[in-house]
>>> print(open('entry.txt').read())   # compact mmCIF, C-alpha atoms
# COMPACT_ATOMS: atom_id res chain seq x y z
CA MET A 134 0.00 0.00 0.00
CA GLU A 135 1.35 3.44 -1.00
CA LYS A 136 1.97 5.43 2.18
CA LYS A 137 3.33 8.62 0.63
CA ILE A 138 1.15 11.67 0.04
CA GLY A 139 0.87 13.90 -3.03
CA LEU A 140 0.34 17.58 -3.86
CA ALA A 141 -3.40 17.79 -3.11
CA ALA A 142 -3.00 16.23 0.33
CA LEU A 143 -0.02 18.46 1.13
CA ILE A 144 -1.87 21.64 0.08
CA SER A 145 -4.62 20.55 2.47
CA ILE A 146 -2.05 20.27 5.27
CA VAL A 147 -0.66 23.75 4.46
CA ILE A 148 -4.15 25.31 4.51
CA GLY A 149 -5.24 23.19 7.47
CA SER A 150 -2.26 24.16 9.60
CA GLN A 151 -2.78 27.90 8.99
CA VAL A 152 -6.56 28.25 8.82
CA GLY A 153 -8.16 27.28 12.09
CA SER A 154 -8.87 28.94 15.40
CA GLY A 155 -7.17 32.16 14.29
CA VAL A 156 -9.71 33.05 11.61
CA PHE A 157 -12.53 32.51 14.14
CA MET A 158 -10.99 34.11 17.23
CA LEU A 159 -9.08 37.04 15.72
CA PRO A 160 -12.10 39.15 14.60
CA GLN A 161 -12.88 39.74 18.27
CA LEU A 162 -9.29 40.85 19.01
CA LEU A 163 -9.03 43.01 15.89
CA ALA A 164 -12.43 44.71 16.31
CA PRO A 165 -11.10 47.93 17.92
CA TYR A 166 -8.63 48.51 15.07
CA SER A 167 -11.20 48.68 12.22
CA VAL A 168 -9.51 49.22 8.83
CA PHE A 169 -6.07 49.07 10.43
CA ALA A 170 -6.79 45.37 10.90
CA LEU A 171 -7.01 45.00 7.12
CA ILE A 172 -3.63 46.69 6.71
CA GLY A 173 -2.25 44.37 9.39
CA TRP A 174 -3.47 41.33 7.42
CA CYS A 175 -1.65 42.64 4.32
CA VAL A 176 1.60 43.18 6.24
CA SER A 177 1.55 39.79 7.95
CA GLY A 178 0.47 38.16 4.66
CA PHE A 179 3.44 39.71 2.85
CA GLY A 180 5.73 38.48 5.61
CA ALA A 181 4.19 35.01 5.46
CA LEU A 182 4.78 34.83 1.70
CA SER A 183 8.42 35.85 2.14
CA LEU A 184 8.82 33.15 4.81
CA ALA A 185 7.07 30.65 2.53
CA MET A 186 9.64 31.32 -0.18
CA VAL A 187 12.48 30.85 2.32
CA PHE A 188 11.09 27.44 3.33
CA MET A 189 10.62 26.56 -0.35
CA GLY A 190 14.33 27.15 -0.90
CA LEU A 191 15.30 25.22 2.22
CA VAL A 192 13.22 22.13 1.52
CA LYS A 193 14.52 21.93 -2.06
CA ARG A 194 18.00 21.54 -0.59
CA LEU A 195 17.12 19.49 2.50
CA PRO A 196 13.91 17.44 2.11
CA LYS A 197 14.12 15.88 5.59
CA THR A 198 11.37 14.94 8.04
CA GLY A 199 11.04 17.40 10.91
CA GLY A 200 11.50 20.64 8.99
CA PRO A 201 13.17 23.63 10.73
CA HIS A 202 15.64 21.75 12.94
CA ALA A 203 17.18 20.08 9.86
CA TYR A 204 17.92 23.46 8.26
CA VAL A 205 19.43 24.92 11.42
CA GLN A 206 21.52 21.77 11.89
CA GLU A 207 22.96 22.16 8.40
CA ALA A 208 23.96 25.76 9.07
CA PHE A 209 24.76 25.98 12.77
CA GLY A 210 25.27 22.46 14.12
CA GLN A 211 23.51 20.11 16.47
CA SER A 212 23.20 22.23 19.61
CA ALA A 213 21.21 24.90 17.80
CA ALA A 214 19.25 22.21 15.94
CA PHE A 215 18.19 20.54 19.19
CA PHE A 216 16.79 23.74 20.72
CA ILE A 217 14.97 24.66 17.50
CA GLY A 218 13.51 21.16 17.16
CA TRP A 219 12.51 21.03 20.82
CA THR A 220 10.90 24.47 20.77
CA TYR A 221 9.12 23.84 17.47
CA TRP A 222 7.64 20.59 18.78
CA LEU A 223 6.63 22.16 22.10
CA VAL A 224 5.02 25.23 20.49
CA SER A 225 3.11 23.18 17.92
CA SER A 226 1.85 20.88 20.69
CA LEU A 227 0.78 23.61 23.12
CA SER A 228 -0.81 25.68 20.35
CA SER A 229 -3.09 22.75 19.63
CA ALA A 230 -4.74 23.39 23.00
CA THR A 231 -6.03 26.74 21.70
CA VAL A 232 -7.54 25.03 18.67
CA ILE A 233 -9.30 22.47 20.87
CA ALA A 234 -10.70 25.27 23.05
CA ALA A 235 -11.99 27.15 19.99
CA THR A 236 -13.60 23.97 18.63
CA ILE A 237 -15.56 23.23 21.80
CA SER A 238 -16.49 26.93 22.12
CA TYR A 239 -18.27 26.75 18.78
CA LEU A 240 -19.98 23.50 19.76
CA THR A 241 -21.18 24.90 23.11
CA PRO A 242 -24.47 26.42 21.82
CA ILE A 243 -25.24 23.14 20.03
CA ILE A 244 -24.54 20.68 22.85
CA ASN A 245 -25.32 23.13 25.67
CA ILE A 246 -22.13 22.90 27.72
CA LYS A 247 -22.44 24.79 31.01
CA SER A 248 -19.83 23.30 33.35
CA PRO A 249 -16.11 24.02 32.80
CA TYR A 250 -15.40 20.41 33.73
CA VAL A 251 -17.77 19.15 31.02
CA PHE A 252 -16.05 21.57 28.63
CA ALA A 253 -12.66 20.07 29.53
CA ALA A 254 -14.04 16.52 29.15
CA HIS A 255 -15.15 17.37 25.60
CA GLU A 256 -11.70 18.83 24.89
CA LEU A 257 -10.02 15.61 26.01
CA PHE A 258 -12.44 13.49 23.98
CA LEU A 259 -11.74 15.52 20.82
CA LEU A 260 -7.98 15.26 21.42
CA GLY A 261 -8.30 11.48 21.74
CA ILE A 262 -10.25 11.13 18.47
CA VAL A 263 -7.79 13.21 16.43
CA THR A 264 -4.80 11.42 17.96
CA ILE A 265 -6.29 8.06 16.96
CA ILE A 266 -6.76 9.31 13.39
CA ASN A 267 -3.08 10.27 13.24
CA LEU A 268 -2.02 6.95 14.75
CA ARG A 269 -3.49 5.41 11.58
CA GLY A 270 -0.67 7.06 9.63
CA VAL A 271 0.07 10.15 7.52
CA LYS A 272 -2.08 8.83 4.66
CA SER A 273 -5.11 8.52 6.96
CA ALA A 274 -4.57 11.93 8.55
CA SER A 275 -4.10 13.63 5.17
CA PHE A 276 -7.27 12.00 3.81
CA VAL A 277 -9.26 13.39 6.75
CA GLU A 278 -7.59 16.76 6.18
CA MET A 279 -8.67 16.84 2.53
CA ALA A 280 -12.27 16.01 3.47
CA LEU A 281 -12.37 18.66 6.19
CA ASN A 282 -10.83 21.24 3.87
CA VAL A 283 -13.84 20.98 1.56
CA ILE A 284 -16.05 21.99 4.49
CA LYS A 285 -13.52 24.62 5.52
CA MET A 286 -13.43 26.34 2.12
CA ILE A 287 -17.23 26.34 1.85
CA THR A 288 -17.68 27.84 5.33
CA LEU A 289 -14.96 30.46 4.94
CA LEU A 290 -16.12 31.56 1.49
CA VAL A 291 -19.93 31.39 1.64
CA ILE A 292 -20.33 33.43 4.84
CA PRO A 293 -17.93 36.29 3.95
CA MET A 294 -19.19 36.44 0.35
CA ALA A 295 -22.74 36.73 1.66
CA GLY A 296 -21.48 39.30 4.14
CA LEU A 297 -20.07 41.43 1.33
CA TYR A 298 -23.61 41.68 -0.10
CA PHE A 299 -24.73 43.27 3.19
CA PHE A 300 -21.63 45.46 3.45
CA ASP A 301 -22.43 48.70 5.26
CA SER A 302 -19.77 51.41 5.29
CA GLY A 303 -21.52 52.88 8.33
CA ASN A 304 -20.12 50.00 10.37
CA ILE A 305 -16.59 51.26 9.80
CA THR A 306 -15.95 53.18 12.99
CA PHE A 307 -12.85 53.71 15.09
CA ASN A 308 -12.21 53.08 18.76
CA THR A 309 -10.98 56.55 19.69
CA SER A 310 -9.39 55.32 22.93
CA ILE A 311 -6.98 53.27 20.79
CA ILE A 312 -6.72 55.31 17.58
CA ASN A 313 -6.05 58.70 19.21
CA GLN A 314 -3.44 57.42 21.64
CA GLN A 315 -1.12 55.74 19.12
CA PRO A 316 0.35 56.62 15.72
CA PRO A 317 -0.83 54.64 12.67
CA ILE A 318 2.48 52.76 12.33
CA SER A 319 2.09 51.44 15.89
CA LEU A 320 -1.48 50.30 15.18
CA ILE A 321 -0.38 48.53 12.01
CA SER A 322 2.44 46.81 13.90
CA GLN A 323 0.07 45.59 16.59
CA THR A 324 -2.44 44.20 14.11
CA ALA A 325 0.35 42.57 12.08
CA VAL A 326 1.59 40.75 15.19
CA LEU A 327 -1.93 39.59 16.00
CA THR A 328 -2.73 38.45 12.47
CA LEU A 329 0.61 36.66 12.12
CA TRP A 330 -0.88 33.98 14.40
CA ALA A 331 -3.17 33.02 11.52
CA PHE A 332 -0.14 32.29 9.29
CA ILE A 333 1.80 30.22 11.83
CA GLY A 334 2.16 26.87 10.10
CA VAL A 335 3.39 28.23 6.77
CA GLU A 336 6.26 25.72 7.10
CA ALA A 337 4.10 22.74 8.15
CA ALA A 338 4.42 21.02 4.76
CA THR A 339 8.18 20.62 5.32
CA THR A 340 7.78 18.41 8.40
CA PRO A 341 6.59 15.14 6.73
CA ALA A 342 9.13 15.52 3.86
CA GLU A 343 10.18 11.88 3.71
CA THR A 344 6.56 10.71 3.38
CA VAL A 345 5.89 12.99 0.39
CA LYS A 346 6.08 11.98 -3.26
CA ASN A 347 8.82 13.95 -5.06
CA PRO A 348 9.33 16.31 -2.07
CA LYS A 349 11.70 18.74 -3.81
CA TYR A 350 8.86 19.71 -6.17
CA THR A 351 5.71 18.84 -4.25
CA ILE A 352 6.49 20.63 -0.97
CA PRO A 353 7.51 24.04 -2.48
CA ALA A 354 4.45 23.96 -4.75
CA ALA A 355 2.17 23.13 -1.81
CA ILE A 356 3.67 25.89 0.35
CA LEU A 357 3.21 28.56 -2.32
CA ILE A 358 -0.27 27.53 -3.48
CA GLY A 359 -1.54 26.91 0.06
CA THR A 360 -0.22 30.19 1.50
CA CYS A 361 -1.63 32.26 -1.39
CA CYS A 362 -5.04 30.63 -0.87
CA VAL A 363 -4.85 31.34 2.87
CA LEU A 364 -3.98 35.02 2.34
CA ALA A 365 -6.86 35.50 -0.12
CA LEU A 366 -9.24 33.79 2.30
CA TYR A 367 -8.21 36.00 5.22
CA LEU A 368 -8.54 39.23 3.23
CA ILE A 369 -12.06 38.35 2.05
CA ASN A 370 -13.10 37.47 5.60
CA SER A 371 -11.58 40.62 7.09
CA ILE A 372 -13.25 42.95 4.60
CA SER A 373 -16.58 41.22 5.06
CA PHE A 374 -16.56 41.43 8.88
CA ILE A 375 -15.54 45.10 8.87
CA GLY A 376 -18.61 46.00 6.79
CA LEU A 377 -21.08 43.53 8.28
CA THR A 378 -20.74 44.20 12.01
CA THR A 379 -19.76 47.08 14.25
CA PRO A 380 -16.53 46.92 16.26
CA THR A 381 -18.58 46.91 19.49
CA GLU A 382 -20.56 43.84 18.38
CA LEU A 383 -17.42 42.00 17.30
CA ALA A 384 -15.55 42.76 20.51
CA ALA A 385 -18.44 41.42 22.59
CA THR A 386 -18.76 38.02 20.89
CA LYS A 387 -16.62 34.89 21.27
CA THR A 388 -18.08 33.37 18.09
CA PRO A 389 -17.89 35.98 15.28
CA TYR A 390 -19.08 33.59 12.56
CA VAL A 391 -22.23 32.79 14.51
CA LEU A 392 -22.88 36.54 14.87
CA ALA A 393 -22.34 37.07 11.13
CA THR A 394 -24.69 34.21 10.23
CA GLN A 395 -27.44 35.57 12.49
CA LYS A 396 -27.14 38.95 10.76
CA ILE A 397 -27.21 37.48 7.25
CA PHE A 398 -29.69 34.62 7.50
CA GLY A 399 -31.45 34.93 10.88
CA GLY A 400 -33.29 31.96 12.37
CA ASN A 401 -31.24 29.00 13.58
CA TRP A 402 -28.79 28.92 10.68
CA HIS A 403 -26.09 30.08 13.06
CA LEU A 404 -26.17 26.68 14.79
CA ILE A 405 -25.30 24.96 11.51
CA ILE A 406 -22.47 27.41 10.91
CA ALA A 407 -21.24 26.84 14.45
CA GLY A 408 -20.96 23.14 13.60
CA PHE A 409 -19.07 23.93 10.39
CA ALA A 410 -16.75 26.30 12.30
CA ALA A 411 -16.00 23.52 14.77
CA LEU A 412 -15.09 21.20 11.87
CA VAL A 413 -12.74 23.86 10.47
CA CYS A 414 -10.98 23.95 13.84
CA VAL A 415 -10.81 20.14 13.87
CA SER A 416 -9.05 20.34 10.50
CA ASN A 417 -6.52 22.73 12.02
CA LEU A 418 -6.05 20.45 15.02
CA ASN A 419 -5.55 17.40 12.80
CA ALA A 420 -2.89 19.21 10.76
CA TRP A 421 -1.02 20.36 13.86
CA ILE A 422 -1.01 16.99 15.60
CA LEU A 423 0.24 15.39 12.38
CA THR A 424 2.94 18.09 12.21
CA SER A 425 3.91 17.68 15.88
CA GLY A 426 4.41 13.94 15.48
CA GLN A 427 6.57 14.43 12.40
CA ILE A 428 8.64 17.12 14.15
CA ALA A 429 9.50 14.83 17.07
CA LEU A 430 10.21 11.94 14.69
CA GLY A 431 12.55 14.06 12.56
CA VAL A 432 14.44 15.39 15.58
CA ALA A 433 14.81 11.84 16.94
CA ASN A 434 15.99 10.55 13.55
CA ASP A 435 18.88 12.99 13.84
CA ASN A 436 19.65 11.57 17.32
CA LEU A 437 18.63 14.80 19.07
CA LEU A 438 15.85 13.11 21.07
CA PRO A 439 15.80 9.65 22.70
CA SER A 440 15.40 6.80 20.19
CA VAL A 441 11.98 5.93 21.65
CA PHE A 442 10.61 8.89 19.64
CA LYS A 443 11.54 6.96 16.47
CA ARG A 444 9.12 4.17 17.37
CA LYS A 445 6.47 3.55 14.70
CA ASN A 446 3.37 1.38 14.63
CA ARG A 447 2.17 -0.88 11.82
CA TYR A 448 0.70 2.13 10.01
CA ASP A 449 4.17 3.74 9.88
CA ALA A 450 2.93 6.47 12.26
CA PRO A 451 5.34 7.80 14.94
CA SER A 452 3.25 6.34 17.76
CA PHE A 453 5.36 7.39 20.75
CA ALA A 454 5.80 10.93 19.40
CA LEU A 455 2.06 11.30 18.81
CA LEU A 456 1.10 9.97 22.24
CA THR A 457 3.66 12.22 23.92
CA THR A 458 2.30 15.18 21.95
CA ALA A 459 -1.21 14.36 23.18
CA PHE A 460 0.06 14.21 26.77
CA VAL A 461 1.66 17.67 26.42
CA ILE A 462 -1.64 19.08 25.09
CA VAL A 463 -3.54 17.62 28.05
CA ILE A 464 -1.50 19.74 30.49
CA PRO A 465 -2.80 23.22 29.44
CA ILE A 466 -6.32 21.79 29.11
CA LEU A 467 -6.31 20.63 32.73
CA LEU A 468 -4.53 23.72 34.06
CA THR A 469 -7.06 26.12 32.52
CA ILE A 470 -10.35 24.41 33.41
CA ASP A 471 -11.64 27.41 35.38
CA ASP A 472 -10.14 30.09 33.13
CA ASP A 473 -11.94 32.28 30.65
CA ILE A 474 -11.51 30.53 27.29
CA SER A 475 -10.74 33.72 25.35
CA LYS A 476 -8.01 34.72 27.80
CA GLN A 477 -6.60 31.19 27.66
CA VAL A 478 -6.46 31.26 23.88
CA PHE A 479 -5.01 34.76 23.58
CA ALA A 480 -2.29 34.15 26.20
CA ILE A 481 -1.05 31.06 24.37
CA ILE A 482 -1.30 32.87 21.02
CA ASP A 483 1.01 35.69 22.18
CA LEU A 484 3.69 33.32 23.42
CA SER A 485 3.39 30.91 20.49
CA VAL A 486 3.70 33.67 17.89
CA GLN A 487 6.89 35.06 19.40
CA ALA A 488 8.44 31.61 19.85
CA SER A 489 7.54 30.78 16.24
CA VAL A 490 9.03 34.06 15.01
CA LEU A 491 12.30 33.18 16.76
CA ILE A 492 12.28 29.82 14.98
CA TYR A 493 11.54 31.48 11.64
CA LEU A 494 14.33 34.00 12.18
CA LEU A 495 16.88 31.23 12.79
CA CYS A 496 15.62 29.32 9.74
CA CYS A 497 16.10 32.49 7.65
CA ALA A 498 19.60 32.92 9.07
CA SER A 499 20.31 29.27 8.21
CA PHE A 500 19.15 29.77 4.63
CA PHE A 501 21.26 32.91 4.33
CA LYS A 502 24.34 31.00 5.50
CA ILE A 503 23.58 28.12 3.11
CA LEU A 504 23.30 30.62 0.25
CA GLN A 505 26.64 32.16 1.22
CA ASN A 506 28.22 28.70 1.20
CA GLU A 507 26.80 28.24 -2.31
CA LYS A 508 28.47 31.57 -3.19
CA LYS A 509 25.27 33.18 -4.47
CA VAL A 510 25.77 36.78 -5.61
CA TRP A 511 24.42 39.34 -3.15
CA HIS A 512 21.59 40.41 -5.49
CA HIS A 513 20.37 36.86 -6.15
CA TYR A 514 16.60 36.77 -5.58
CA GLU A 515 16.90 34.17 -2.80
CA ASN A 516 19.29 36.42 -0.87
CA ILE A 517 16.92 39.38 -1.20
CA ILE A 518 13.85 37.35 -0.14
CA THR A 519 15.74 35.95 2.85
CA ILE A 520 16.80 39.42 4.03
CA ILE A 521 13.19 40.65 3.68
CA ALA A 522 11.95 37.67 5.70
CA MET A 523 14.57 38.27 8.40
CA LEU A 524 13.65 41.97 8.66
CA PHE A 525 9.98 40.99 8.92
CA CYS A 526 10.75 38.62 11.82
CA ILE A 527 12.82 41.27 13.61
CA ALA A 528 10.02 43.82 13.15
CA MET A 529 7.45 41.40 14.60
CA MET A 530 9.65 40.79 17.64
CA ALA A 531 10.26 44.52 18.09
CA SER A 532 6.51 45.17 17.98
CA ALA A 533 5.79 42.78 20.84
CA GLN A 534 6.10 43.50 24.53
CA ILE A 535 9.50 42.64 25.99
CA LYS A 536 7.78 40.51 28.64
CA THR A 537 6.13 38.38 25.93
CA VAL A 538 9.41 37.84 24.07
CA LEU A 539 11.19 36.88 27.30
CA LEU A 540 8.42 34.44 28.24
CA ALA A 541 8.54 32.95 24.74
CA SER A 542 12.27 32.33 25.19
CA LEU A 543 11.35 29.97 28.06
CA PHE A 544 10.21 27.49 25.40
CA PHE A 545 13.87 27.24 24.36
CA ALA A 546 15.10 27.18 27.97
CA SER A 547 12.78 24.29 28.83
CA GLY A 548 14.97 22.02 26.71
CA LEU A 549 18.07 22.64 28.84
CA PRO A 550 17.53 19.65 31.20
CA ILE A 551 17.32 17.19 28.27
CA TYR A 552 20.28 18.86 26.58
CA ALA A 553 22.48 18.77 29.68
CA LEU A 554 21.42 15.46 31.22
CA TRP A 555 20.94 13.33 28.10
CA LEU A 556 22.02 14.83 24.78
CA ARG A 557 25.48 16.03 25.83
CA LYS A 558 26.30 12.50 26.99
CA GLN A 559 25.52 10.83 23.66
CA PRO A 560 28.64 9.63 21.79
CA VAL A 561 27.08 10.40 18.40
CA PHE A 562 26.29 13.95 19.48
CA ASN A 563 29.77 14.63 20.83
CA LYS A 564 31.37 13.30 17.66
CA ARG A 565 29.24 15.38 15.30
CA HIS A 566 29.29 18.42 17.58
CA THR A 567 33.08 18.43 17.51
CA HIS A 568 32.99 18.15 13.73
CA ASN A 569 30.65 21.12 13.45
>>> encode(input="entry.txt", output="structure tokens")
Amino acid sequence: MEKKIGLAALISIVIGSQVGSGVFMLPQLLAPYSVFALIGWCVSGFGALSLAMVFMGLVKRLPKTGGPHAYVQEAFGQSAAFFIGWTYWLVSSLSSATVIAATISYLTPIINIKSPYVFAAHELFLLGIVTIINLRGVKSASFVEMALNVIKMITLLVIPMAGLYFFDSGNITFNTSIINQQPPISLISQTAVLTLWAFIGVEAATTPAETVKNPKYTIPAAILIGTCCVLALYLINSISFIGLTTPTELAATKTPYVLATQKIFGGNWHLIIAGFAALVCVSNLNAWILTSGQIALGVANDNLLPSVFKRKNRYDAPSFALLTTAFVIVIPILLTIDDDISKQVFAIIDLSVQASVLIYLLCCASFFKILQNEKKVWHHYENIITIIAMLFCIAMMASAQIKTVLLASLFFASGLPIYALWLRKQPVFNKRHTHN
């Protein structure tokens, strides 16, 4: 049985990893910024495309399972590769908790969840189902992703397109408490940082590289096509929401798509859309758990994690890596049972974005070094794109609060015990580390 996936499945993973809880939760956060939110989407979208092109160049040269750590290892050695791989796996795992929370939030009006403990029980049940799907192998997970993406594209196109028909320029108002206190460039920077969350996952197609047919062609094509589709989808949705609802209404709701559906169709149609929105989030969760398992497998294949992470089941799925990922996701679910869901989601988003930006910055630096080793002329298009992507990452870090960046760095620091107590003692590591 053929276990490798093709272009269509990989595009679904690219779209699935980027389009999820962000598109449903961000309208509430962006409501006070009005049209500045649209500019922020354009800025973060431009940055995402530049990063996509960097990863396209990297995967053409190094089509290895795991993604980012492999590129950093090539440029900067095993120590840097371990911390990138560890952080990337941890961030992708913990971020999945926000997707699960968003999914159950949309299901709440349908299944009438009132107790936070019942909410958490539903989160754990959903996590278990998606983990089982991924334990059936990459082929199984990608098939589910393709099916869910059909629902995703319908939901995220029909509602905003209908919303454009009811577009009312009178809804475009500004929150004076925000607009008058800050210059436009600061507002654009803030919205760009927020909207960048929706593009996290632009590199997801690189992680299962060794299970992809013709990866040097298929993965770059999937990254470019998928990211362009995502950017177009976000812009349509942003424009539609700005004209369909007032900032006050958006800021007050936890389920913007339900609000939009009530305004457009009335009746109980919003319950159907809530179900579709939940399925979109499930697609995002499926893509991220698949990615997390492949990250841990790739890092272990390079002897940067214990060999138990290489363990596969009869479906060729990295069983130990997937089960460990699920365990990591359980922790924030249990620790936030009594918390406000929106605050839970937004807190993890802030930290995950900054940790991801640090990873992207090091991947860009790795590509730049690889290009220098290839003796590319300074004005070669790949050099220019890489510098643009690096400047974008630096700008996103500079726009964030120092406290957030410092907290995000704890993701890297959390790997120190494994590095010091296990990795440094491995003969293979010491040999290669000396060579590097």
>>> residues_around(input="entry.txt", residues="Gly180 (chain A)", least_positions_apart="4", cutoff="9 Å", atoms="only C-alpha atoms", output="list in words")
Cys175, Val176, Leu184, Ala185, Leu329, Ile521, Ala522, Phe525 and Cys526 of chain A
>>> residues_near_point(input="entry.txt", point="(1.0, 8.9, 23.0)", cutoff="12 Å", atoms="all atoms listed in the file", output="PyMOL selection string")
chain A and resi 260-261+263-265+267-268+422+425-426+429+441-442+444-446+450-463
>>> closest_residue(input="entry.txt", among="A:Tyr166, A:Leu240, A:Gln211, A:Glu515", to="Gln315 (chain A)", atoms="only C-alpha atoms")
A:Tyr166
>>> atom_distance(input="entry.txt", atom1="CA of Tyr250 (chain A)", atom2="CA of Ile233 (chain A)")
14.4 Å
>>> atom_distance(input="entry.txt", atom1="CA of Pro550 (chain A)", atom2="CA of Ala214 (chain A)")
15.6 Å
>>> closest_residue(input="entry.txt", among="A:Gly376, A:Lys443, A:Met279, A:Val415", to="Glu256 (chain A)", atoms="all atoms listed in the file")
A:Val415
>>> residues_around(input="entry.txt", residues="region 528-545 of chain A", least_positions_apart="5", cutoff="9 Å", atoms="all atoms listed in the file", output="list in words")
Phe216, Ile217, Trp219, Thr220, Tyr221, Leu223, Val224, Ser319, Ser322, Gln323, Ala325, Val326, Leu329, Asp483, Leu484, Ser485, Val486, Gln487, Ala488, Ser489, Val490, Leu491 and Met523 of chain A
>>> residues_around(input="entry.txt", residues="Leu163 (chain A)", least_positions_apart="6", cutoff="9 Å", atoms="all atoms listed in the file", output="MDAnalysis selection string")
chainID A and resid 169:170 324 327:328 380 383:384
>>> closest_residue(input="entry.txt", among="A:Ala203, A:Ile397, A:Ala254, A:Ala181", to="Met294 (chain A)", atoms="only C-alpha atoms")
A:Ile397
>>> residues_around(input="entry.txt", residues="Cys497 (chain A)", least_positions_apart="2", cutoff="8 Å", atoms="only C-alpha atoms", output="list of chain:residue names")
A:Leu184, A:Val187, A:Tyr493, A:Leu494, A:Leu495, A:Ser499, A:Phe500, A:Phe501, A:Thr519, A:Ile520, A:Ala522, A:Met523
>>> axis_aligned_box(input="entry.txt", around="region 284-298 of chain A", padding_each_side="6 Å", output="lines of an AutoDock Vina configuration file")
center_x = -18.5
center_y = 31.8
center_z = 2.7
size_x = 22.2
size_y = 31.7
size_z = 17.6
>>> atom_distance(input="entry.txt", atom1="CA of Lys137 (chain A)", atom2="CA of Arg447 (chain A)")
14.7 Å
